[in-house]
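What follows is one structure encoded as structure tokens, with my remarks underneath.
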Amino acid sequence: MRRIGSYMFVLFTILLSLGAEAKISKEHQAACKAAKSEVADAYCELLDDEFGKAMFANGSYPQNGVLLNPMSQEIPFTAAIFHEAYLHVLSSKLTADAKSLATSALQTEANQLGQALSTKAAVPQTGANANTNGSTNLVSKPTTTDLISLAAESGAFTDTVNGTTMTAQANANGLRRYLAGDNFATLKPTALDTLQHLTLTATFNVAQGGTTSATTTGQATSTTPTSITSVVLPSQNLSFSSIGASLAVYRPYTPTSTGFGKAWTAAIVKNQDAITKTSKQLFVDYQKAIPNQGSVFEGPEVKAALDTWNQKAGDDEKANDFHKFVSDFITFVNTILAELETDPSFYQNILSAAADTAQLQQVRNTILDTARGSLATFKYTYSTPPGKPATHDATAVIGYVWGKGDEGAQLTFNASGSWFSSIPAGAKYGRVKDYQISGEFDQPIGADRSSPRAIFSVAGYGQYQYSANVLNVTVANVVPGTNISVPSNSQVFTSTPGWLGVAQTKLVFNIGKGTSIPIAVKWSNKTDLLTGSDWKGQFGISYDLSALSSILQAK
Amino acid sequence: MALKEIPGDIQGAKGTVETIQIVPGQRGTVVTIASVFYGTDANGPITIAINPDKASFNLTILPGSNLLQVTLFSPNQIDSSAIAQQTSNGTTTVLEDDIEFVNGAAVWSPEILGV
């Protein structure tokens, strides 16, 4: 079972690479797809590149070496035959009818791996920001959904009154790729993929308690006092709370910059043991699969196939027939495979080599993460909290994810500011509402750190207010019976200026399939409307649509 | 004496020391040699030292057919390619003009026939 799991990982890595399409013209890409061969998929870029140079047709020497000896580059070669090798190995245990089921199972498993990898970090944020009434997140996270997420949350941090909110987030690039029918999980971005940095967020108050004043049109009974000319009606509406944009400066790096170059080189040195171990294993396994590449070409069939390919490749390039060029290359590779598979352990050894190449790519990703450093995001939110003036909020988020030692653990810091969007005439307060600093440590729980069963968090938050809280006053706020007229734009101060501190501990259960349930408790020294300390619980449920298998595939 | 490409192999004179350079196939591509192994002995694959520039290495050509495995890493987000070449007396000989990166990693593994 463990072995099958590792093959799933390899398959997923291969699927990602086969989804690449950045450098190939659409016409040639279509030709490779039309060939319906994994050989064409794996070598498409190489074939496209050679076809553009037309070295076979021009008699240039050397021609593209890997097209004369496809075995000389292990990553495309193992990718080209991985599926066949896997099914070949399975066939000793499965009936022929079961092979199609196995293929289907492979795809499903690959999709699930894709979902696990899609979040990029163990603790992405799916719910509302801390300053939103009803959030469960005291600290904003630098990572969000890759497509769309929905979260329903109940609670409050700085607010006196608990709120219940629904938050929808959409990643601009995830949405674009989905609507365009592109692969979900490509790792070869084009210019449009810079939209990946942008996430849009909207939060709505649900079950929002309130009142509405209504003018009466007469007395329905003779005993009703005629002085009742208006009544207060209870309301329970969904209302807009906030809208925001998050721009992720996601592990920024420029490969050609001097600073990054030094970090990259240092990261390679730091990980040299892992590189050596993995590539050495690849050497051993690949040589087991193909003990002598040169001897493969000594077989009469392969020798003849090479001569034929050399001739036809030149003809195809002269005729500008890429379809035929691809088809002739597939024939050549299939002849080589027919020679290689005379060794009964060839496919098993190729599976081992494929696992090694996938592992090597993971080592490279680890090195890149080491060189890139921390996560950083900037968020802007426009909020219209119920009963309060609208605000503009800006938050700088920086996070560090442990790669070794406490793998998956994350430390996040926020620095935020909140400004009133407008100041009414006669206001006794300024534009600045408050400044905030906060921090959170997230500890994944469970053996699988890339997809933990739960995450335990502790967080602290400090907010400094220059003036007391401002509360909008309407007739509904006035104590019944006082009969005070309330002009429009009436506001009062509540609580006191100065520091407001919040501490939170939270447990997020990752149910799987993109669903998580946060449960938290917080203590604060005061709240926005009252001066006394306060304990509150928070609860929510969120769902990340990136987990839907059906959206992972290109259409 | 430079190495030369023959069908299925690269050929060189046994005992000679050859320097192979890896250069980016496209402008803006960063290519780093992560590891090099050539041939095997009683301890398994033989590790070849990478030159301090992380872009070249020196081989002493072994007799017979031996696998060379060069692992390359690139930090570039868009996969590109690298070129394996030799430069001697101002003349550059290309051994492989399209070593393809896939997810930031590439492995070039020709066999070298030492004669």
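Identifiers in the structure tokens: chain A, B, ... in order shown; residue index from 1 per chain; ligand index from 1 in order shown.
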
Give me, as an mmCIF file with C-alpha atoms, in the first residue's frame, all polymer residues having an atom no more than 7 Å from segment 40-45 of chain A, counting only C-alpha atoms and skipping those fewer than 2 positions away in the same chain.
data_model
loop_
_atom_site.group_PDB
_atom_site.id
_atom_site.type_symbol
_atom_site.label_atom_id
_atom_site.label_comp_id
_atom_site.auth_asym_id
_atom_site.auth_seq_id
_atom_site.Cartn_x
_atom_site.Cartn_y
_atom_site.Cartn_z
ATOM 1 C CA LEU A 18 2.739 16.897 -18.685
ATOM 2 C CA ILE A 24 5.093 25.162 -27.030
ATOM 3 C CA CYS A 32 1.205 16.167 -29.357
ATOM 4 C CA LYS A 33 -2.189 15.742 -27.682
ATOM 5 C CA ALA A 35 -1.033 11.618 -30.886
ATOM 6 C CA SER A 37 0.744 8.976 -26.503
ATOM 7 C CA GLU A 38 2.627 9.686 -23.317
ATOM 8 C CA LEU A 47 10.248 17.800 -30.414
ATOM 9 C CA ASP A 48 8.894 21.336 -30.760
ATOM 10 C CA ASP A 49 12.322 22.805 -30.127
ATOM 11 C CA PRO A 76 11.165 12.701 -19.933
ATOM 12 C CA ALA A 79 7.584 10.101 -17.617
ATOM 13 C CA ALA A 80 6.927 8.714 -21.097
ATOM 14 C CA VAL A 326 5.696 13.280 -33.658
ATOM 15 C CA ILE A 330 6.802 7.606 -31.208
#

Original post:
Counting only C-alpha atoms, what is within 12 Å of Met55 of chain A, bar same-chain residues fewer than 3 positions away, as a PyMOL selection string?
Top reply: (chain A and resi 47-52+58-65+67-68+310-311+313-318) or (chain B and resi 97)

Please produce an output containing C-alpha atoms for each residue in the selection, written as a PDB file, in the first residue's frame.
ATOM      1  CA  LEU A  47      10.248  17.800 -30.414  1.00  0.00           C
ATOM      2  CA  ASP A  48       8.894  21.336 -30.760  1.00  0.00           C
ATOM      3  CA  ASP A  49      12.322  22.805 -30.127  1.00  0.00           C
ATOM      4  CA  GLU A  50      14.055  20.555 -32.676  1.00  0.00           C
ATOM      5  CA  PHE A  51      11.327  21.081 -35.280  1.00  0.00           C
ATOM      6  CA  GLY A  52      11.916  24.833 -34.998  1.00  0.00           C
ATOM      7  CA  ASN A  58      19.525  20.834 -42.583  1.00  0.00           C
ATOM      8  CA  GLY A  59      21.906  18.002 -41.840  1.00  0.00           C
ATOM      9  CA  SER A  60      23.298  20.032 -38.946  1.00  0.00           C
ATOM     10  CA  TYR A  61      25.448  18.113 -36.538  1.00  0.00           C
ATOM     11  CA  PRO A  62      24.885  17.275 -33.826  1.00  0.00           C
ATOM     12  CA  GLN A  63      21.138  17.019 -34.020  1.00  0.00           C
ATOM     13  CA  ASN A  64      19.231  17.168 -30.775  1.00  0.00           C
ATOM     14  CA  GLY A  65      20.938  14.298 -28.946  1.00  0.00           C
ATOM     15  CA  LEU A  67      15.865  12.723 -29.877  1.00  0.00           C
ATOM     16  CA  LEU A  68      18.508  10.328 -31.175  1.00  0.00           C
ATOM     17  CA  ASN A 310      16.840  10.012 -38.939  1.00  0.00           C
ATOM     18  CA  GLN A 311      15.559   9.912 -42.510  1.00  0.00           C
ATOM     19  CA  ALA A 313      12.611  13.312 -39.251  1.00  0.00           C
ATOM     20  CA  GLY A 314      14.430  15.240 -41.972  1.00  0.00           C
ATOM     21  CA  ASP A 315      11.602  14.587 -44.449  1.00  0.00           C
ATOM     22  CA  ASP A 316       8.972  15.688 -41.934  1.00  0.00           C
ATOM     23  CA  GLU A 317      10.837  18.889 -41.169  1.00  0.00           C
ATOM     24  CA  LYS A 318      11.190  19.666 -44.872  1.00  0.00           C
TER      25      LYS A 318
ATOM     26  CA  ASP B  97      21.852  21.347 -27.061  1.00  0.00           C
TER      27      ASP B  97
END

**OP:** Just need the residues of chain B within 7 Å of chain A, counting only C-alpha atoms, so spit them out as number ranges by chain.
**Re:** B: 7-9, 28, 30, 34-35, 45, 69, 73, 75-79, 96-98, 102-111

Give me a file of those residues, with N, CA and C atoms, as an mmCIF file, in the first residue's frame.
data_model
loop_
_atom_site.group_PDB
_atom_site.id
_atom_site.type_symbol
_atom_site.label_atom_id
_atom_site.label_comp_id
_atom_site.auth_asym_id
_atom_site.auth_seq_id
_atom_site.Cartn_x
_atom_site.Cartn_y
_atom_site.Cartn_z
ATOM 1 N N PRO B 7 25.879 8.003 -32.286
ATOM 2 C CA PRO B 7 24.526 7.536 -31.980
ATOM 3 C C PRO B 7 24.465 6.733 -30.679
ATOM 4 N N GLY B 8 23.707 7.241 -29.759
ATOM 5 C CA GLY B 8 23.511 6.538 -28.497
ATOM 6 C C GLY B 8 24.573 6.821 -27.457
ATOM 7 N N ASP B 9 25.656 7.433 -27.824
ATOM 8 C CA ASP B 9 26.767 7.623 -26.896
ATOM 9 C C ASP B 9 27.506 8.925 -27.171
ATOM 10 N N GLY B 28 18.377 34.596 -19.193
ATOM 11 C CA GLY B 28 17.595 34.738 -17.969
ATOM 12 C C GLY B 28 17.407 33.439 -17.212
ATOM 13 N N VAL B 30 18.694 30.498 -14.974
ATOM 14 C CA VAL B 30 19.773 30.193 -14.033
ATOM 15 C C VAL B 30 19.913 28.679 -13.953
ATOM 16 N N ALA B 34 23.891 20.344 -9.781
ATOM 17 C CA ALA B 34 23.636 19.878 -8.416
ATOM 18 C C ALA B 34 24.507 18.675 -8.065
ATOM 19 N N SER B 35 24.704 17.778 -9.035
ATOM 20 C CA SER B 35 25.558 16.612 -8.778
ATOM 21 C C SER B 35 26.026 16.016 -10.097
ATOM 22 N N PRO B 45 28.236 4.412 -7.588
ATOM 23 C CA PRO B 45 28.519 5.498 -8.531
ATOM 24 C C PRO B 45 29.662 6.390 -8.034
ATOM 25 N N GLN B 69 25.981 10.937 -15.282
ATOM 26 C CA GLN B 69 24.692 11.505 -14.857
ATOM 27 C C GLN B 69 24.934 12.895 -14.261
ATOM 28 N N PHE B 73 19.689 21.886 -11.463
ATOM 29 C CA PHE B 73 18.547 22.556 -10.846
ATOM 30 C C PHE B 73 18.477 23.977 -11.376
ATOM 31 N N PRO B 75 16.151 27.684 -10.541
ATOM 32 C CA PRO B 75 15.094 28.312 -9.734
ATOM 33 C C PRO B 75 14.022 28.979 -10.583
ATOM 34 N N ASN B 76 14.219 29.033 -11.902
ATOM 35 C CA ASN B 76 13.262 29.756 -12.748
ATOM 36 C C ASN B 76 11.879 29.128 -12.682
ATOM 37 N N GLN B 77 10.867 29.985 -12.648
ATOM 38 C CA GLN B 77 9.495 29.465 -12.561
ATOM 39 C C GLN B 77 9.084 28.801 -13.868
ATOM 40 N N ILE B 78 9.491 29.381 -14.986
ATOM 41 C CA ILE B 78 9.160 28.778 -16.272
ATOM 42 C C ILE B 78 10.331 27.904 -16.700
ATOM 43 N N ASP B 79 10.045 26.620 -16.893
ATOM 44 C CA ASP B 79 11.116 25.694 -17.241
ATOM 45 C C ASP B 79 11.733 26.051 -18.570
ATOM 46 N N GLU B 96 25.163 18.347 -26.115
ATOM 47 C CA GLU B 96 23.692 18.214 -26.054
ATOM 48 C C GLU B 96 23.126 19.632 -26.011
ATOM 49 N N ASP B 97 22.310 19.946 -26.985
ATOM 50 C CA ASP B 97 21.852 21.347 -27.061
ATOM 51 C C ASP B 97 20.475 21.566 -26.445
ATOM 52 N N ASP B 98 19.883 20.529 -25.863
ATOM 53 C CA ASP B 98 18.548 20.721 -25.294
ATOM 54 C C ASP B 98 18.346 19.798 -24.089
ATOM 55 N N VAL B 102 12.277 20.014 -16.164
ATOM 56 C CA VAL B 102 10.890 19.681 -15.850
ATOM 57 C C VAL B 102 10.705 19.943 -14.359
ATOM 58 N N ASN B 103 9.827 20.866 -14.030
ATOM 59 C CA ASN B 103 9.618 21.274 -12.631
ATOM 60 C C ASN B 103 10.930 21.702 -11.970
ATOM 61 N N GLY B 104 11.778 22.390 -12.730
ATOM 62 C CA GLY B 104 13.002 22.962 -12.172
ATOM 63 C C GLY B 104 14.179 22.017 -12.077
ATOM 64 N N ALA B 105 14.000 20.755 -12.501
ATOM 65 C CA ALA B 105 15.105 19.790 -12.444
ATOM 66 C C ALA B 105 15.335 19.180 -13.819
ATOM 67 N N ALA B 106 16.580 18.877 -14.110
ATOM 68 C CA ALA B 106 16.920 18.200 -15.362
ATOM 69 C C ALA B 106 18.017 17.188 -15.066
ATOM 70 N N VAL B 107 17.951 16.065 -15.765
ATOM 71 C CA VAL B 107 18.995 15.052 -15.592
ATOM 72 C C VAL B 107 19.497 14.656 -16.977
ATOM 73 N N TRP B 108 20.762 14.928 -17.210
ATOM 74 C CA TRP B 108 21.384 14.531 -18.489
ATOM 75 C C TRP B 108 22.233 13.306 -18.201
ATOM 76 N N SER B 109 21.959 12.213 -18.904
ATOM 77 C CA SER B 109 22.659 10.968 -18.566
ATOM 78 C C SER B 109 23.052 10.191 -19.824
ATOM 79 N N PRO B 110 23.993 10.717 -20.549
ATOM 80 C CA PRO B 110 24.503 9.950 -21.699
ATOM 81 C C PRO B 110 25.530 8.922 -21.229
ATOM 82 N N GLU B 111 25.824 7.991 -22.098
ATOM 83 C CA GLU B 111 26.940 7.091 -21.807
ATOM 84 C C GLU B 111 28.159 7.582 -22.575
#

Subject >> Near-Ile48 of chain B list (10 Å; only C-alpha atoms; drop same-chain fewer than 5 positions) as a PyMOL selection string >> reply: chain B and resi 35-39+57-60+68-70

Original post:
So what do you get for atom CA of Ile22 of chain B versus atom CA of Ile83 of chain B, distance-wise?
Top reply: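 Pair atom CA of Ile22 of chain B / atom CA of Ile83 of chain B returns 5.6 Å.
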